[in-house]
Amino acid sequence: MFFQCMMAVSLFYCAHWQTYVSGTLRFGYVDVTEAQFGVIIIHLITVIFGPGVWSVKLPYFGITMQLLIVYFIMMFQLFLGYSYMHTIPYSGAGKNGSTVAGTSVLSPVVPLAFIVAPAILIAWKSPDGLYLQNPTIYLLTFGCVSARITNRLVVAHMTKSEMAYSDASLLGPGALFLNQYFNCPIPEKFLLYVVCVYVIYDLIKYCREVCLEICSHLNIMLFTIVPKYVSGAKSLSSAEKNGSSSKYLTRSKSKVKTN
C-alpha cells in the first residue's frame with residue numbers, strides 16, 4: 001500500500017511536471033479517468049462477490065487475483081514513470097530547452113524528493129513502527145503535503161513563474177524527521193497527528209488564497225451572491241407589495257412590473 005500510494009503521488013506530480021516543462025497538458029490512452037473506472041470496477045466486484053474473490057488462485061498463473069492486479073498496476077506505474085522520465089528532459093518549451101518559466105527542466109525534482117525521501121526514511125527508521133501502526137494517518141499526511149506541492153507546480157505553470165524549492169507544508173515531514181534524529185523526545189504518534197492537522201490546514205489555506213487571488217484579479221465573486229438593489233421608489237414599492245424584501249430583489253425588473 002505504501003508503494004502504491006507513493007507511486008501515485010509521484011506520477012501525478014510528474015504529469016504536471018511534464019506540463020510545466022512542455023507547456024502542454026497531455027493525456028494518455030490510459031490515464032486518470034481509466035484508473036478511476038478501474039477502482040470502481042474493483043469495488044463493484046468486491047461488493048457483488050465478496051472480498052474472498054481476490055484470494056482465488058488463477059489456474060494458469062498460480063497466483064491469486066489480488067497479486068495479479070497488484071503486479072499489473074506496478075508494471076503500469078513503472079512504465080508511466082519511465083515514460084515521464086524519458087520525455088521530460090527533452091520537451092522543454094522555453095529558451096534553450098528550459099521550462100515555460102525559463103528554469104531548468106530538472107528543478108521540480110527537488111520538491112518531489114523532499115516528499116518521497118522523508119516518507120520512506122521516517123517509515124523505515126521509526127522505532128515505534130509509525131507507518132505500520134498508523135498507515136491511514138501517515139499516508140494522509142504525506143498525501144496532503146504532495147497535494148500542496150503539486151498545486152504550487154500547477155500555479156507555477158499557469159503563471160510561468162519559478163517553482164520554489166521550499167514550502168511551508170514541508171515543515172511537517174521535517175518535524176517528524178528531526179524528532180527521529182534526536183531519538184524521539186516527542187511521541188511519534190502524537191507528533192504525527194499534530195503534523196497531519198497542520199498540513200491539512202495549510203493545504204486548505206493555500207487553496208483559499210489562490211482562489212481569492214484569482215477572483216480578485218478577474219473581478220469575479222466566489223461563493224458570494226451580491227444583492228441586487230432596487231433603484232427608484234416605484235420599483236421599491238412594487239417589490240414591497242409583492243412581499244419581497246426592501247433590500248434584496250430576486251427577480252428581474254421586467255417580471256416585477258408585469259406582476
# chains A, B, ... in the order shown; residues from 1 in each chain; ligands from 1
>>> residues_around(residues="Gly97 of chain A", least_positions_apart="4", cutoff="12 Å", atoms="only C-alpha atoms", output="VMD selection string")
chain A and resid 21 to 23 88 to 93 101 to 106
>>> write_last_selection(atoms="all heavy atoms", output="short mmCIF file (atom, residue, chain, number, x, y, z; two decimals), in the first residue's frame")
data_model
loop_
_atom_site.label_atom_id
_atom_site.label_comp_id
_atom_site.auth_asym_id
_atom_site.auth_seq_id
_atom_site.Cartn_x
_atom_site.Cartn_y
_atom_site.Cartn_z
N VAL A 21 7.11 21.76 -17.98
CA VAL A 21 8.26 21.78 -18.88
C VAL A 21 7.84 22.08 -20.31
O VAL A 21 8.40 22.95 -20.98
CB VAL A 21 9.02 20.44 -18.80
CG1 VAL A 21 10.07 20.37 -19.90
CG2 VAL A 21 9.67 20.28 -17.43
N SER A 22 6.82 21.35 -20.78
CA SER A 22 6.44 21.46 -22.20
C SER A 22 5.39 22.53 -22.47
O SER A 22 5.21 22.94 -23.62
CB SER A 22 5.91 20.11 -22.69
OG SER A 22 4.73 19.75 -21.98
N GLY A 23 4.67 22.98 -21.45
CA GLY A 23 3.62 23.97 -21.65
C GLY A 23 2.32 23.38 -22.15
O GLY A 23 1.38 24.12 -22.45
N ILE A 88 10.52 14.21 -20.21
CA ILE A 88 10.67 15.50 -19.52
C ILE A 88 11.98 16.20 -19.87
O ILE A 88 11.98 17.40 -20.19
CB ILE A 88 10.52 15.32 -17.99
CG1 ILE A 88 9.06 15.11 -17.63
CG2 ILE A 88 11.08 16.52 -17.24
CD1 ILE A 88 8.82 14.80 -16.16
N PRO A 89 13.13 15.53 -19.86
CA PRO A 89 14.38 16.27 -20.14
C PRO A 89 14.50 16.81 -21.56
O PRO A 89 15.34 17.68 -21.81
CB PRO A 89 15.47 15.21 -19.87
CG PRO A 89 14.83 14.19 -19.01
CD PRO A 89 13.40 14.15 -19.45
N TYR A 90 13.66 16.32 -22.48
CA TYR A 90 13.82 16.70 -23.88
C TYR A 90 12.60 17.44 -24.45
O TYR A 90 12.49 17.58 -25.66
CB TYR A 90 14.07 15.44 -24.74
CG TYR A 90 15.17 14.58 -24.21
CD1 TYR A 90 14.88 13.41 -23.53
CD2 TYR A 90 16.51 14.94 -24.37
CE1 TYR A 90 15.90 12.60 -23.03
CE2 TYR A 90 17.53 14.14 -23.87
CZ TYR A 90 17.21 12.97 -23.20
OH TYR A 90 18.22 12.18 -22.71
N SER A 91 11.70 17.90 -23.60
CA SER A 91 10.49 18.55 -24.10
C SER A 91 10.33 19.97 -23.59
O SER A 91 9.22 20.48 -23.48
CB SER A 91 9.25 17.73 -23.70
OG SER A 91 9.19 17.56 -22.29
N GLY A 92 11.42 20.62 -23.25
CA GLY A 92 11.34 21.98 -22.74
C GLY A 92 10.85 22.96 -23.79
O GLY A 92 11.33 22.97 -24.92
N ALA A 93 9.86 23.79 -23.41
CA ALA A 93 9.28 24.75 -24.34
C ALA A 93 9.90 26.13 -24.21
O ALA A 93 9.59 27.02 -25.01
CB ALA A 93 7.76 24.85 -24.11
N ALA A 101 8.92 28.69 -17.56
CA ALA A 101 9.37 29.81 -16.74
C ALA A 101 10.83 30.15 -16.97
O ALA A 101 11.37 31.05 -16.32
CB ALA A 101 9.15 29.49 -15.26
N GLY A 102 11.49 29.43 -17.90
CA GLY A 102 12.88 29.70 -18.19
C GLY A 102 13.85 29.06 -17.21
O GLY A 102 15.03 29.41 -17.19
N THR A 103 13.37 28.11 -16.38
CA THR A 103 14.23 27.44 -15.41
C THR A 103 14.65 26.07 -15.94
O THR A 103 14.19 25.63 -16.99
CB THR A 103 13.50 27.29 -14.07
OG1 THR A 103 12.28 26.55 -14.29
CG2 THR A 103 13.14 28.65 -13.50
N SER A 104 15.48 25.40 -15.19
CA SER A 104 15.94 24.08 -15.59
C SER A 104 14.79 23.07 -15.56
O SER A 104 13.93 23.12 -14.68
CB SER A 104 17.05 23.61 -14.64
OG SER A 104 17.39 22.26 -14.89
N VAL A 105 14.79 22.15 -16.50
CA VAL A 105 13.72 21.16 -16.58
C VAL A 105 13.80 20.17 -15.42
O VAL A 105 12.81 19.49 -15.10
CB VAL A 105 13.77 20.39 -17.91
CG1 VAL A 105 13.48 21.32 -19.07
CG2 VAL A 105 15.13 19.71 -18.09
N LEU A 106 14.95 20.08 -14.75
CA LEU A 106 15.11 19.15 -13.64
C LEU A 106 14.87 19.80 -12.28
O LEU A 106 14.90 19.11 -11.26
CB LEU A 106 16.53 18.54 -13.66
CG LEU A 106 16.89 17.74 -14.91
CD1 LEU A 106 18.32 17.23 -14.80
CD2 LEU A 106 15.93 16.58 -15.11
#
>>> residues_around(residues="Ile122 of chain A", least_positions_apart="2", cutoff="9 Å", atoms="only C-alpha atoms", output="tab-separated table (two decimals) with C-alpha atoms, in the first residue's frame")
chain	number	residue	atom	x	y	z
A	117	ALA	CA	12.59	10.68	0.69
A	118	PRO	CA	11.31	11.71	4.15
A	119	ALA	CA	8.25	9.48	3.75
A	120	ILE	CA	10.47	6.44	3.13
A	124	TRP	CA	11.85	2.82	7.75
A	125	LYS	CA	13.68	4.30	10.75
A	126	SER	CA	10.72	4.71	13.10
A	130	LEU	CA	4.92	4.71	12.88
A	131	TYR	CA	3.63	3.72	9.45
A	173	PRO	CA	7.83	15.98	7.41
A	176	LEU	CA	8.96	14.12	12.04
A	177	PHE	CA	12.47	13.64	10.67
A	180	GLN	CA	13.62	10.79	14.98
>>> closest_residue(among="A:Leu191, A:Val199, A:Leu212, A:Met158", to="Ala175 of chain A", atoms="only C-alpha atoms")
A:Leu191
>>> select_by_dssp(residues="segment 28-207 of chain A", states="alpha helix (DSSP H)", output="PyMOL selection string")
chain A and resi 32-49+65-87+109-125+130-133+135-159+171-181+188-207
>>> write_last_selection(atoms="C-alpha atoms", output="CSV table (one decimal), in the first residue's frame")
chain,number,residue,atom,x,y,z
A,32,VAL,CA,-6.5,9.1,-14.6
A,33,THR,CA,-10.1,8.6,-15.8
A,34,GLU,CA,-9.4,5.0,-16.8
A,35,ALA,CA,-7.7,4.4,-13.4
A,36,GLN,CA,-10.8,5.7,-11.6
A,37,PHE,CA,-13.0,3.4,-13.6
A,38,GLY,CA,-10.7,0.5,-12.7
A,39,VAL,CA,-11.1,1.3,-9.0
A,40,ILE,CA,-14.8,1.5,-9.4
A,41,ILE,CA,-14.9,-1.9,-11.1
A,42,ILE,CA,-12.7,-3.5,-8.3
A,43,HIS,CA,-15.1,-2.1,-5.7
A,44,LEU,CA,-18.1,-3.4,-7.6
A,45,ILE,CA,-16.6,-6.9,-7.9
A,46,THR,CA,-15.9,-6.9,-4.2
A,47,VAL,CA,-19.5,-5.9,-3.3
A,48,ILE,CA,-21.0,-8.5,-5.6
A,49,PHE,CA,-18.8,-11.5,-5.0
A,65,MET,CA,-6.2,-12.4,-8.3
A,66,GLN,CA,-5.1,-9.9,-5.7
A,67,LEU,CA,-1.4,-10.4,-6.5
A,68,LEU,CA,-2.1,-10.4,-10.3
A,69,ILE,CA,-3.8,-7.0,-10.1
A,70,VAL,CA,-1.1,-5.6,-7.8
A,71,TYR,CA,1.7,-6.7,-10.2
A,72,PHE,CA,-0.2,-5.4,-13.2
A,73,ILE,CA,-0.6,-2.0,-11.5
A,74,MET,CA,3.0,-1.9,-10.5
A,75,MET,CA,4.2,-2.7,-14.1
A,76,PHE,CA,1.9,0.0,-15.5
A,77,GLN,CA,3.1,2.6,-12.9
A,78,LEU,CA,6.8,1.8,-13.7
A,79,PHE,CA,6.0,2.1,-17.4
A,80,LEU,CA,4.4,5.6,-16.8
A,81,GLY,CA,7.4,6.6,-14.7
A,82,TYR,CA,9.8,5.6,-17.4
A,83,SER,CA,7.7,7.5,-20.0
A,84,TYR,CA,7.8,10.7,-17.9
A,85,MET,CA,11.5,10.5,-17.2
A,86,HIS,CA,12.2,9.8,-20.8
A,87,THR,CA,10.2,12.8,-22.2
A,109,VAL,CA,12.6,17.2,-8.9
A,110,VAL,CA,13.8,18.8,-5.6
A,111,PRO,CA,10.3,19.4,-4.0
A,112,LEU,CA,9.3,15.8,-5.0
A,113,ALA,CA,12.4,14.5,-3.4
A,114,PHE,CA,11.6,16.4,-0.2
A,115,ILE,CA,8.3,14.5,-0.1
A,116,VAL,CA,9.2,10.9,-1.1
A,117,ALA,CA,12.6,10.7,0.7
A,118,PRO,CA,11.3,11.7,4.2
A,119,ALA,CA,8.3,9.5,3.8
A,120,ILE,CA,10.5,6.4,3.1
A,121,LEU,CA,13.1,7.3,5.8
A,122,ILE,CA,10.6,8.1,8.5
A,123,ALA,CA,8.6,4.9,7.9
A,124,TRP,CA,11.8,2.8,7.7
A,125,LYS,CA,13.7,4.3,10.7
A,130,LEU,CA,4.9,4.7,12.9
A,131,TYR,CA,3.6,3.7,9.5
A,132,LEU,CA,2.7,0.2,10.4
A,133,GLN,CA,0.7,1.4,13.4
A,135,PRO,CA,-1.0,3.8,7.9
A,136,THR,CA,-4.0,5.9,7.2
A,137,ILE,CA,-2.9,9.0,9.0
A,138,TYR,CA,0.6,8.6,7.7
A,139,LEU,CA,-0.4,8.4,4.1
A,140,LEU,CA,-3.0,11.2,4.5
A,141,THR,CA,-0.3,13.4,6.0
A,142,PHE,CA,2.2,12.9,3.1
A,143,GLY,CA,-0.7,13.0,0.6
A,144,CYS,CA,-1.7,16.4,1.7
A,145,VAL,CA,1.9,17.6,1.5
A,146,SER,CA,2.1,16.2,-2.0
A,147,ALA,CA,-1.2,17.9,-2.9
A,148,ARG,CA,0.2,21.3,-1.7
A,149,ILE,CA,3.4,20.9,-3.7
A,150,THR,CA,1.5,19.7,-6.8
A,151,ASN,CA,-0.9,22.7,-6.6
A,152,ARG,CA,2.1,25.0,-6.4
A,153,LEU,CA,3.5,23.4,-9.5
A,154,VAL,CA,0.2,23.9,-11.4
A,155,VAL,CA,0.2,27.6,-10.3
A,156,ALA,CA,3.8,27.9,-11.4
A,157,HIS,CA,2.9,26.5,-14.9
A,158,MET,CA,-0.2,28.7,-15.3
A,159,THR,CA,1.7,31.9,-14.2
A,171,LEU,CA,7.8,21.7,7.9
A,172,GLY,CA,5.6,18.7,8.8
A,173,PRO,CA,7.8,16.0,7.4
A,174,GLY,CA,10.8,18.0,8.6
A,175,ALA,CA,9.5,17.9,12.2
A,176,LEU,CA,9.0,14.1,12.0
A,177,PHE,CA,12.5,13.6,10.7
A,178,LEU,CA,14.1,15.8,13.3
A,179,ASN,CA,12.2,14.1,16.0
A,180,GLN,CA,13.6,10.8,15.0
A,181,TYR,CA,17.1,12.3,14.6
A,188,GLU,CA,5.9,9.9,17.3
A,189,LYS,CA,2.2,9.1,17.2
A,190,PHE,CA,1.2,12.4,18.9
A,191,LEU,CA,3.5,14.4,16.6
A,192,LEU,CA,2.1,12.6,13.5
A,193,TYR,CA,-1.4,13.7,14.4
A,194,VAL,CA,-0.3,17.2,15.0
A,195,VAL,CA,1.6,17.3,11.7
A,196,CYS,CA,-1.5,15.8,9.9
A,197,VAL,CA,-3.7,18.6,11.2
A,198,TYR,CA,-1.2,21.2,10.3
A,199,VAL,CA,-0.7,20.0,6.7
A,200,ILE,CA,-4.5,19.8,6.1
A,201,TYR,CA,-4.9,23.3,7.4
A,202,ASP,CA,-2.0,24.5,5.3
A,203,LEU,CA,-3.5,22.9,2.2
A,204,ILE,CA,-6.9,24.4,2.7
A,205,LYS,CA,-5.4,27.8,3.5
A,206,TYR,CA,-3.3,27.7,0.3
A,207,CYS,CA,-6.2,26.7,-1.9
>>> closest_residue(among="A:Val100, A:Ser161, A:Leu25, A:Pro187", to="Pro127 of chain A", atoms="only C-alpha atoms")
A:Pro187
>>> atom_distance(atom1="atom CA of Gln4 of chain A", atom2="atom CA of Gln18 of chain A")
20.8 Å
>>> atom_distance(atom1="atom CA of Gly28 of chain A", atom2="atom CA of Ala15 of chain A")
10.4 Å
>>> atom_distance(atom1="atom CA of Met163 of chain A", atom2="atom CA of Trp17 of chain A")
10.3 Å
